[in-house]
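What follows is the content of coords_18.csv (CSV, C-alpha atoms).
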chain,number,residue,atom,x,y,z
A,1,MET,CA,-3.9,-14.9,-5.1
A,2,ASN,CA,-0.9,-16.2,-6.9
A,3,PHE,CA,-0.6,-16.0,-10.7
A,4,LEU,CA,2.3,-18.4,-10.9
A,5,PRO,CA,2.4,-22.2,-10.2
A,6,ASP,CA,2.8,-22.8,-6.4
A,7,GLN,CA,6.2,-24.5,-6.8
A,8,LEU,CA,7.6,-21.6,-8.7
A,9,ASP,CA,6.0,-19.1,-6.3
A,10,GLN,CA,7.6,-20.9,-3.3
A,11,TYR,CA,11.0,-20.8,-5.1
A,12,ILE,CA,10.7,-17.0,-5.5
A,13,VAL,CA,9.7,-16.5,-1.9
A,14,SER,CA,12.5,-18.8,-0.6
A,15,HIS,CA,15.1,-16.9,-2.6
A,16,SER,CA,14.0,-13.5,-1.5
A,17,GLN,CA,14.9,-11.6,1.7
A,18,ASP,CA,13.5,-13.2,4.9
A,19,GLU,CA,10.7,-11.6,6.7
A,20,PRO,CA,11.9,-9.6,9.8
A,21,ASP,CA,11.1,-11.1,13.2
A,22,LEU,CA,8.8,-8.3,14.3
A,23,LEU,CA,6.7,-8.6,11.2
A,24,GLN,CA,6.4,-12.4,11.8
A,25,GLN,CA,5.1,-11.5,15.3
A,26,LEU,CA,2.6,-9.0,13.8
A,27,THR,CA,1.4,-11.6,11.3
A,28,ARG,CA,0.8,-14.2,14.0
A,29,GLU,CA,-1.1,-11.8,16.2
A,30,THR,CA,-3.1,-10.5,13.3
A,31,HIS,CA,-4.2,-14.0,12.4
A,32,LEU,CA,-5.1,-14.8,16.1
A,33,LYS,CA,-7.0,-11.6,16.9
A,34,ILE,CA,-8.1,-9.7,13.9
A,35,LEU,CA,-10.9,-10.3,11.4
A,36,GLN,CA,-9.9,-10.7,7.7
A,37,PRO,CA,-6.2,-11.4,8.2
A,38,ILE,CA,-6.0,-11.9,4.4
A,39,MET,CA,-5.8,-8.1,4.2
A,40,LEU,CA,-2.2,-8.3,5.3
A,41,SER,CA,0.4,-7.5,2.6
A,42,GLY,CA,2.2,-10.7,3.5
A,43,ALA,CA,5.9,-11.6,3.7
A,44,TYR,CA,6.8,-11.5,0.0
A,45,GLN,CA,4.9,-8.4,-1.0
A,46,GLY,CA,6.2,-6.8,2.2
A,47,ARG,CA,9.8,-7.4,1.0
A,48,VAL,CA,8.8,-5.9,-2.3
A,49,LEU,CA,7.4,-2.8,-0.7
A,50,SER,CA,10.5,-2.5,1.5
A,51,MET,CA,12.8,-2.8,-1.5
A,52,ILE,CA,10.9,-0.1,-3.5
A,53,SER,CA,11.0,2.2,-0.5
A,54,LYS,CA,14.7,1.7,0.0
A,55,LEU,CA,15.4,2.4,-3.7
A,56,ILE,CA,13.4,5.6,-3.5
A,57,LYS,CA,14.7,6.7,-0.1
A,58,PRO,CA,11.6,8.9,0.6
A,59,LYS,CA,11.5,11.7,3.1
A,60,THR,CA,7.7,11.6,3.2
A,61,ILE,CA,5.3,8.7,2.7
A,62,LEU,CA,1.6,8.6,2.7
A,63,GLU,CA,-0.3,5.3,3.2
A,64,ILE,CA,-4.0,5.0,2.6
A,65,GLY,CA,-5.2,2.0,4.5
A,66,THR,CA,-3.2,0.9,7.5
A,67,PHE,CA,-5.0,-2.4,8.7
A,68,THR,CA,-2.6,-3.8,11.3
A,69,GLY,CA,0.4,-1.8,10.1
A,70,TYR,CA,2.4,-4.5,8.3
A,71,ALA,CA,2.9,-2.5,5.1
A,72,THR,CA,3.5,0.6,7.1
A,73,LEU,CA,6.5,-0.9,8.7
A,74,CYS,CA,7.8,-2.3,5.4
A,75,LEU,CA,7.6,1.1,3.8
A,76,ALA,CA,9.2,2.8,6.8
A,77,GLU,CA,12.3,0.7,6.2
A,78,GLY,CA,13.3,3.0,3.4
A,79,LEU,CA,12.6,6.3,5.1
A,80,GLN,CA,15.4,8.9,5.4
A,81,PRO,CA,16.6,9.3,9.0
A,82,ASP,CA,14.5,12.4,9.4
A,83,GLY,CA,11.7,11.2,7.3
A,84,GLU,CA,8.1,10.5,8.3
A,85,ILE,CA,5.2,8.3,7.2
A,86,HIS,CA,1.5,9.3,7.6
A,87,THR,CA,-0.9,6.4,7.6
A,88,ILE,CA,-4.7,6.6,7.4
A,89,ASP,CA,-7.3,4.1,8.6
A,90,ILE,CA,-11.0,4.4,9.4
A,91,ASN,CA,-11.1,1.5,11.9
A,92,GLU,CA,-10.5,2.9,15.4
A,93,GLU,CA,-10.4,-0.6,16.9
A,94,LEU,CA,-7.1,-1.2,15.2
A,95,PHE,CA,-5.4,2.0,16.4
A,96,ASP,CA,-3.8,0.7,19.5
A,97,PHE,CA,-2.8,-2.6,17.8
A,98,GLN,CA,-1.0,-0.6,15.1
A,99,ARG,CA,0.7,1.6,17.6
A,100,LYS,CA,2.0,-1.3,19.7
A,101,TYR,CA,3.9,-2.6,16.7
A,102,PHE,CA,5.0,0.8,15.5
A,103,ASP,CA,6.5,1.5,18.9
A,104,LYS,CA,8.3,-1.9,18.9
A,105,SER,CA,10.0,-1.0,15.7
A,106,ALA,CA,12.8,1.4,15.0
A,107,TYR,CA,10.4,3.8,13.3
A,108,GLY,CA,7.8,4.5,16.0
A,109,ALA,CA,8.6,8.2,16.2
A,110,GLN,CA,8.4,8.6,12.5
A,111,ILE,CA,5.0,7.0,12.0
A,112,HIS,CA,2.0,9.3,12.4
A,113,GLN,CA,-1.5,7.7,12.5
A,114,HIS,CA,-4.6,9.4,11.2
A,115,LEU,CA,-8.0,8.0,12.2
A,116,GLY,CA,-10.9,8.7,9.9
A,117,SER,CA,-12.0,8.6,6.3
A,118,ALA,CA,-9.1,9.2,4.0
A,119,LEU,CA,-11.4,11.4,1.9
A,120,ASP,CA,-11.6,13.8,4.9
A,121,VAL,CA,-8.0,13.4,6.2
A,122,ILE,CA,-6.0,13.8,2.9
A,123,PRO,CA,-7.2,17.4,2.3
A,124,GLN,CA,-6.0,18.3,5.8
A,125,LEU,CA,-2.5,17.1,5.2
A,126,THR,CA,-0.2,20.1,4.3
A,127,GLN,CA,2.9,18.3,3.2
A,128,ASN,CA,3.8,16.8,-0.1
A,129,PHE,CA,5.0,13.2,-0.5
A,130,ASP,CA,7.7,11.2,-2.2
A,131,LEU,CA,5.9,7.9,-2.0
A,132,ILE,CA,2.2,7.1,-1.6
A,133,PHE,CA,0.7,3.6,-1.1
A,134,ILE,CA,-3.0,3.1,-1.8
A,135,ASP,CA,-4.5,-0.1,-0.2
A,136,ALA,CA,-7.9,0.7,1.0
A,137,ASP,CA,-11.6,0.5,-0.1
A,138,LYS,CA,-11.6,-0.1,-3.9
A,139,PRO,CA,-14.6,2.0,-4.8
A,140,ASN,CA,-12.7,5.1,-3.7
A,141,TYR,CA,-9.4,4.4,-5.4
A,142,SER,CA,-10.0,6.9,-8.2
A,143,ASN,CA,-11.1,9.5,-5.6
A,144,TYR,CA,-7.9,9.0,-3.6
A,145,PHE,CA,-5.9,9.4,-6.8
A,146,HIS,CA,-7.5,12.8,-7.5
A,147,LEU,CA,-6.9,13.9,-4.0
A,148,ILE,CA,-3.2,12.9,-3.8
A,149,ILE,CA,-1.8,13.6,-7.3
A,150,ASP,CA,-1.1,17.3,-6.5
A,151,LYS,CA,0.5,16.3,-3.2
A,152,LEU,CA,2.9,13.9,-4.9
A,153,ASN,CA,6.3,15.5,-5.6
A,154,PRO,CA,7.6,15.4,-9.2
A,155,GLY,CA,9.4,12.1,-9.7
A,156,GLY,CA,7.4,10.7,-6.8
A,157,ILE,CA,5.8,7.2,-6.8
A,158,ILE,CA,2.3,5.9,-6.2
A,159,LEU,CA,2.0,2.2,-5.3
A,160,SER,CA,-1.5,0.8,-5.8
A,161,ASP,CA,-2.4,-2.7,-4.4
A,162,ASN,CA,-5.0,-5.2,-5.5
A,163,VAL,CA,-5.1,-3.9,-9.1
A,164,LEU,CA,-5.8,-7.4,-10.5
A,165,TRP,CA,-8.6,-7.9,-8.0
A,166,HIS,CA,-8.4,-11.8,-7.8
A,167,GLY,CA,-8.3,-11.9,-11.6
A,168,LYS,CA,-11.8,-10.3,-11.9
A,169,VAL,CA,-10.5,-7.4,-14.0
A,170,VAL,CA,-10.4,-9.7,-17.1
A,171,GLU,CA,-13.7,-11.4,-16.5
A,172,PRO,CA,-17.1,-10.3,-17.8
A,173,LEU,CA,-18.1,-7.4,-15.6
A,174,ASP,CA,-21.2,-7.7,-13.3
A,175,GLU,CA,-22.5,-4.1,-13.0
A,176,LYS,CA,-23.6,-4.9,-9.4
A,177,ASP,CA,-19.9,-5.7,-8.5
A,178,ILE,CA,-19.0,-2.2,-7.5
A,179,SER,CA,-15.4,-3.0,-6.3
A,180,THR,CA,-14.4,-4.7,-9.5
A,181,LYS,CA,-15.8,-1.9,-11.7
A,182,ALA,CA,-13.9,0.6,-9.5
A,183,VAL,CA,-10.6,-1.3,-9.9
A,184,VAL,CA,-11.1,-1.5,-13.7
A,185,ASP,CA,-11.9,2.2,-13.9
A,186,TYR,CA,-8.9,3.0,-11.7
A,187,ASN,CA,-6.5,1.0,-13.8
A,188,SER,CA,-7.7,2.9,-16.9
A,189,LEU,CA,-7.3,6.2,-15.1
A,190,LEU,CA,-3.7,5.4,-14.3
A,191,LYS,CA,-3.0,4.2,-17.8
A,192,ASN,CA,-4.4,7.4,-19.4
A,193,ASP,CA,-3.4,10.2,-17.0
A,194,SER,CA,-0.7,12.2,-18.8
A,195,ARG,CA,0.9,13.3,-15.5
A,196,ILE,CA,2.2,9.8,-14.7
A,197,GLU,CA,3.8,6.8,-16.2
A,198,THR,CA,2.5,3.4,-15.0
A,199,VAL,CA,3.5,-0.3,-15.0
A,200,VAL,CA,1.5,-3.1,-13.5
A,201,LEU,CA,3.4,-5.9,-11.7
A,202,PRO,CA,1.7,-9.3,-11.4
A,203,ILE,CA,2.8,-9.6,-7.8
A,204,ARG,CA,0.2,-11.4,-5.6
A,205,ASP,CA,-3.1,-9.6,-6.3
A,206,GLY,CA,-1.4,-7.0,-8.6
A,207,LEU,CA,0.7,-4.0,-7.6
A,208,THR,CA,1.0,-0.9,-9.8
A,209,ILE,CA,3.9,1.5,-9.8
A,210,SER,CA,3.1,5.0,-11.1
A,211,ARG,CA,5.7,7.7,-11.4
A,212,LYS,CA,4.8,11.3,-11.6
A,213,LYS,CA,6.5,13.0,-14.5
A,214,GLU,CA,9.0,15.8,-13.6
A,215,ASN,CA,7.9,18.2,-16.3
For the structure just supplied, provide its representation as structure tokens.
Amino acid sequence: MNFLPDQLDQYIVSHSQDEPDLLQQLTRETHLKILQPIMLSGAYQGRVLSMISKLIKPKTILEIGTFTGYATLCLAEGLQPDGEIHTIDINEELFDFQRKYFDKSAYGAQIHQHLGSALDVIPQLTQNFDLIFIDADKPNYSNYFHLIIDKLNPGGIILSDNVLWHGKVVEPLDEKDISTKAVVDYNSLLKNDSRIETVVLPIRDGLTISRKKEN
């Protein structure tokens, strides 16, 4: 979903960094072979994720929700040479697809896949992280936050995707719409948690940057 007029949105995209060839290939194959290709981060948001990661220069990244690995590769672009990214997804049918593209990239040895529910996997991870990207099932966003906040290094960043949820966050809430209610509650959680400072960016379907305070 775009929140700007199409012409202006196209101008922004055309004057931003081009999408790398490997990610163009991944996008094409995702649309050909995988259900719900709309779940891809996409070229422009991918360049945003890449830029943020490069600015942070993280040694450790955690990604909750891999899908076909597009955002994983974008985030990996900012890793330190000895850094690593841990990415979690529950869909075992996508595991080999992800690995194929990870191994085609320069970051294959740095990317560690975890298969299963993130609610189960996260407590098993022993390291702390400099950058965490949440882009998975919306009803568990708040649960993920509570699991990862103590694993985020001081000064570390949480990126949360789809926080505007197709604009539904400002519409009258249908109590049966579990995902929208979950996103609304999550946005309030980020705003009010004293351990972090948060800003919402109106990029595509909404991207929040939350920074963990250092004291």
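Proximity to A:Tyr101 was assessed for A:Gly156, A:Gly78, A:Gly69, A:Pro172 counting only C-alpha atoms; the smallest distance is recorded for A:Gly69.
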- Query: Which residue, A:Ile149, A:Leu131, A:Val121, A:Leu35, has the smallest gap to A:Leu75 when you use only C-alpha atoms?
  - Reply: A:Leu131
Put a box with edges along x, y and z around all the listed atoms of stretch 52-71 of chain A, pad it by 5 Å on each side, then give me its centre and sizes in Å, one decimal, as lines of an AutoDock Vina configuration file.
center_x = 5.1
center_y = 3.6
center_z = 3.8
size_x = 30.6
size_y = 26.2
size_z = 25.0
- Of the listed residues A:Leu79, A:Ala43, A:Leu62, A:Val199, that which approaches A:Leu125 most closely, counting only C-alpha atoms: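 Result for the nearest residue to A:Leu125: A:Leu62.
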- Note on the structure: Of A:Ser105, A:Thr27, A:Ser117, A:Ser50, the one nearest to A:Ile64 when counting all atoms listed in the file is A:Ser117
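For the choices A:Asn140, A:Thr60, A:Asn91, A:Thr208, the atom-to-atom distance to A:Asn153 is smallest for A:Thr60 when using all atoms listed in the file.
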- Query: Which residue out of A:Thr68, A:Ser16, A:Gln7, A:Asn187 has the minimum interatomic distance to A:Leu164 when only C-alpha atoms are used?
  - Reply: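 Closest to A:Leu164, using only C-alpha atoms: A:Asn187.
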- Message: So that I can see what lies close to stretch 85-90 of chain A, please list as a count of residues only the residues with an atom at most 6 Å from it, counting only C-alpha atoms and leaving out residues fewer than 3 positions away in the same chain.
- Response: 14
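The space separating atom CA of A:Leu207 from atom CA of A:Asp130 comes to 17.6 Å.
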- Enter the distance from atom CA of A:Asn192 to atom CA of A:Ile122, in Å, rounded to one decimal. 23.3 Å
- Query: Could you state the separation of atom CA of A:Ile158 and atom CA of A:Ile132 in Å, given to one decimal place?
  - Reply: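 Between these atoms lies a distance of 4.8 Å.
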- Message: Neighbouring residues of A:Ile203 were defined as those with any atom within 12 Å, considering all atoms listed in the file; residues of the same chain fewer than 4 positions away were excluded. Please report them as a list in words.
- Response: Met1, Asn2, Phe3, Leu4, Asp9, Ile12, Val13, Ser41, Gly42, Tyr44, Gln45, Gly46, Arg47, Val48, Leu49, Ser160, Asp161, Asn162, Val163, Leu164, Trp165, His166, Gly167, Val199, Leu207, Thr208 and Ile209 of chain A
Let's have the selection written as a short mmCIF file (atom, residue, chain, number, x, y, z; two decimals), in the coordinates of the input, with C-alpha atoms.
data_model
loop_
_atom_site.label_atom_id
_atom_site.label_comp_id
_atom_site.auth_asym_id
_atom_site.auth_seq_id
_atom_site.Cartn_x
_atom_site.Cartn_y
_atom_site.Cartn_z
CA MET A 1 -3.90 -14.90 -5.10
CA ASN A 2 -0.90 -16.20 -6.90
CA PHE A 3 -0.60 -16.00 -10.70
CA LEU A 4 2.30 -18.40 -10.90
CA ASP A 9 6.00 -19.10 -6.30
CA ILE A 12 10.70 -17.00 -5.50
CA VAL A 13 9.70 -16.50 -1.90
CA SER A 41 0.40 -7.50 2.60
CA GLY A 42 2.20 -10.70 3.50
CA TYR A 44 6.80 -11.50 0.00
CA GLN A 45 4.90 -8.40 -1.00
CA GLY A 46 6.20 -6.80 2.20
CA ARG A 47 9.80 -7.40 1.00
CA VAL A 48 8.80 -5.90 -2.30
CA LEU A 49 7.40 -2.80 -0.70
CA SER A 160 -1.50 0.80 -5.80
CA ASP A 161 -2.40 -2.70 -4.40
CA ASN A 162 -5.00 -5.20 -5.50
CA VAL A 163 -5.10 -3.90 -9.10
CA LEU A 164 -5.80 -7.40 -10.50
CA TRP A 165 -8.60 -7.90 -8.00
CA HIS A 166 -8.40 -11.80 -7.80
CA GLY A 167 -8.30 -11.90 -11.60
CA VAL A 199 3.50 -0.30 -15.00
CA LEU A 207 0.70 -4.00 -7.60
CA THR A 208 1.00 -0.90 -9.80
CA ILE A 209 3.90 1.50 -9.80
#
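Summary of the local environment: counting all atoms listed in the file, residues at most 12 Å from A:Asn143, other than itself and those fewer than 2 positions away along its chain, are Ile64, Ser117, Ala118, Leu119, Asp120, Ile122, Pro123, Ile134, Ala136, Asp137, Lys138, Pro139, Asn140, Tyr141, Phe145, His146, Leu147, Ile148, Ile149, Ala182, Val183, Asp185, Tyr186 and Leu189 of chain A.
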Create the file for the chosen residues now, containing C-alpha atoms and written as a JSON list (two decimals), keeping the file's coordinate frame.
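Everything below was put into selection.json:
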[["chain", "number", "residue", "atom", "x", "y", "z"],
["A", 64, "ILE", "CA", -4.00, 5.00, 2.60],
["A", 117, "SER", "CA", -12.00, 8.60, 6.30],
["A", 118, "ALA", "CA", -9.10, 9.20, 4.00],
["A", 119, "LEU", "CA", -11.40, 11.40, 1.90],
["A", 120, "ASP", "CA", -11.60, 13.80, 4.90],
["A", 122, "ILE", "CA", -6.00, 13.80, 2.90],
["A", 123, "PRO", "CA", -7.20, 17.40, 2.30],
["A", 134, "ILE", "CA", -3.00, 3.10, -1.80],
["A", 136, "ALA", "CA", -7.90, 0.70, 1.00],
["A", 137, "ASP", "CA", -11.60, 0.50, -0.10],
["A", 138, "LYS", "CA", -11.60, -0.10, -3.90],
["A", 139, "PRO", "CA", -14.60, 2.00, -4.80],
["A", 140, "ASN", "CA", -12.70, 5.10, -3.70],
["A", 141, "TYR", "CA", -9.40, 4.40, -5.40],
["A", 145, "PHE", "CA", -5.90, 9.40, -6.80],
["A", 146, "HIS", "CA", -7.50, 12.80, -7.50],
["A", 147, "LEU", "CA", -6.90, 13.90, -4.00],
["A", 148, "ILE", "CA", -3.20, 12.90, -3.80],
["A", 149, "ILE", "CA", -1.80, 13.60, -7.30],
["A", 182, "ALA", "CA", -13.90, 0.60, -9.50],
["A", 183, "VAL", "CA", -10.60, -1.30, -9.90],
["A", 185, "ASP", "CA", -11.90, 2.20, -13.90],
["A", 186, "TYR", "CA", -8.90, 3.00, -11.70],
["A", 189, "LEU", "CA", -7.30, 6.20, -15.10]]
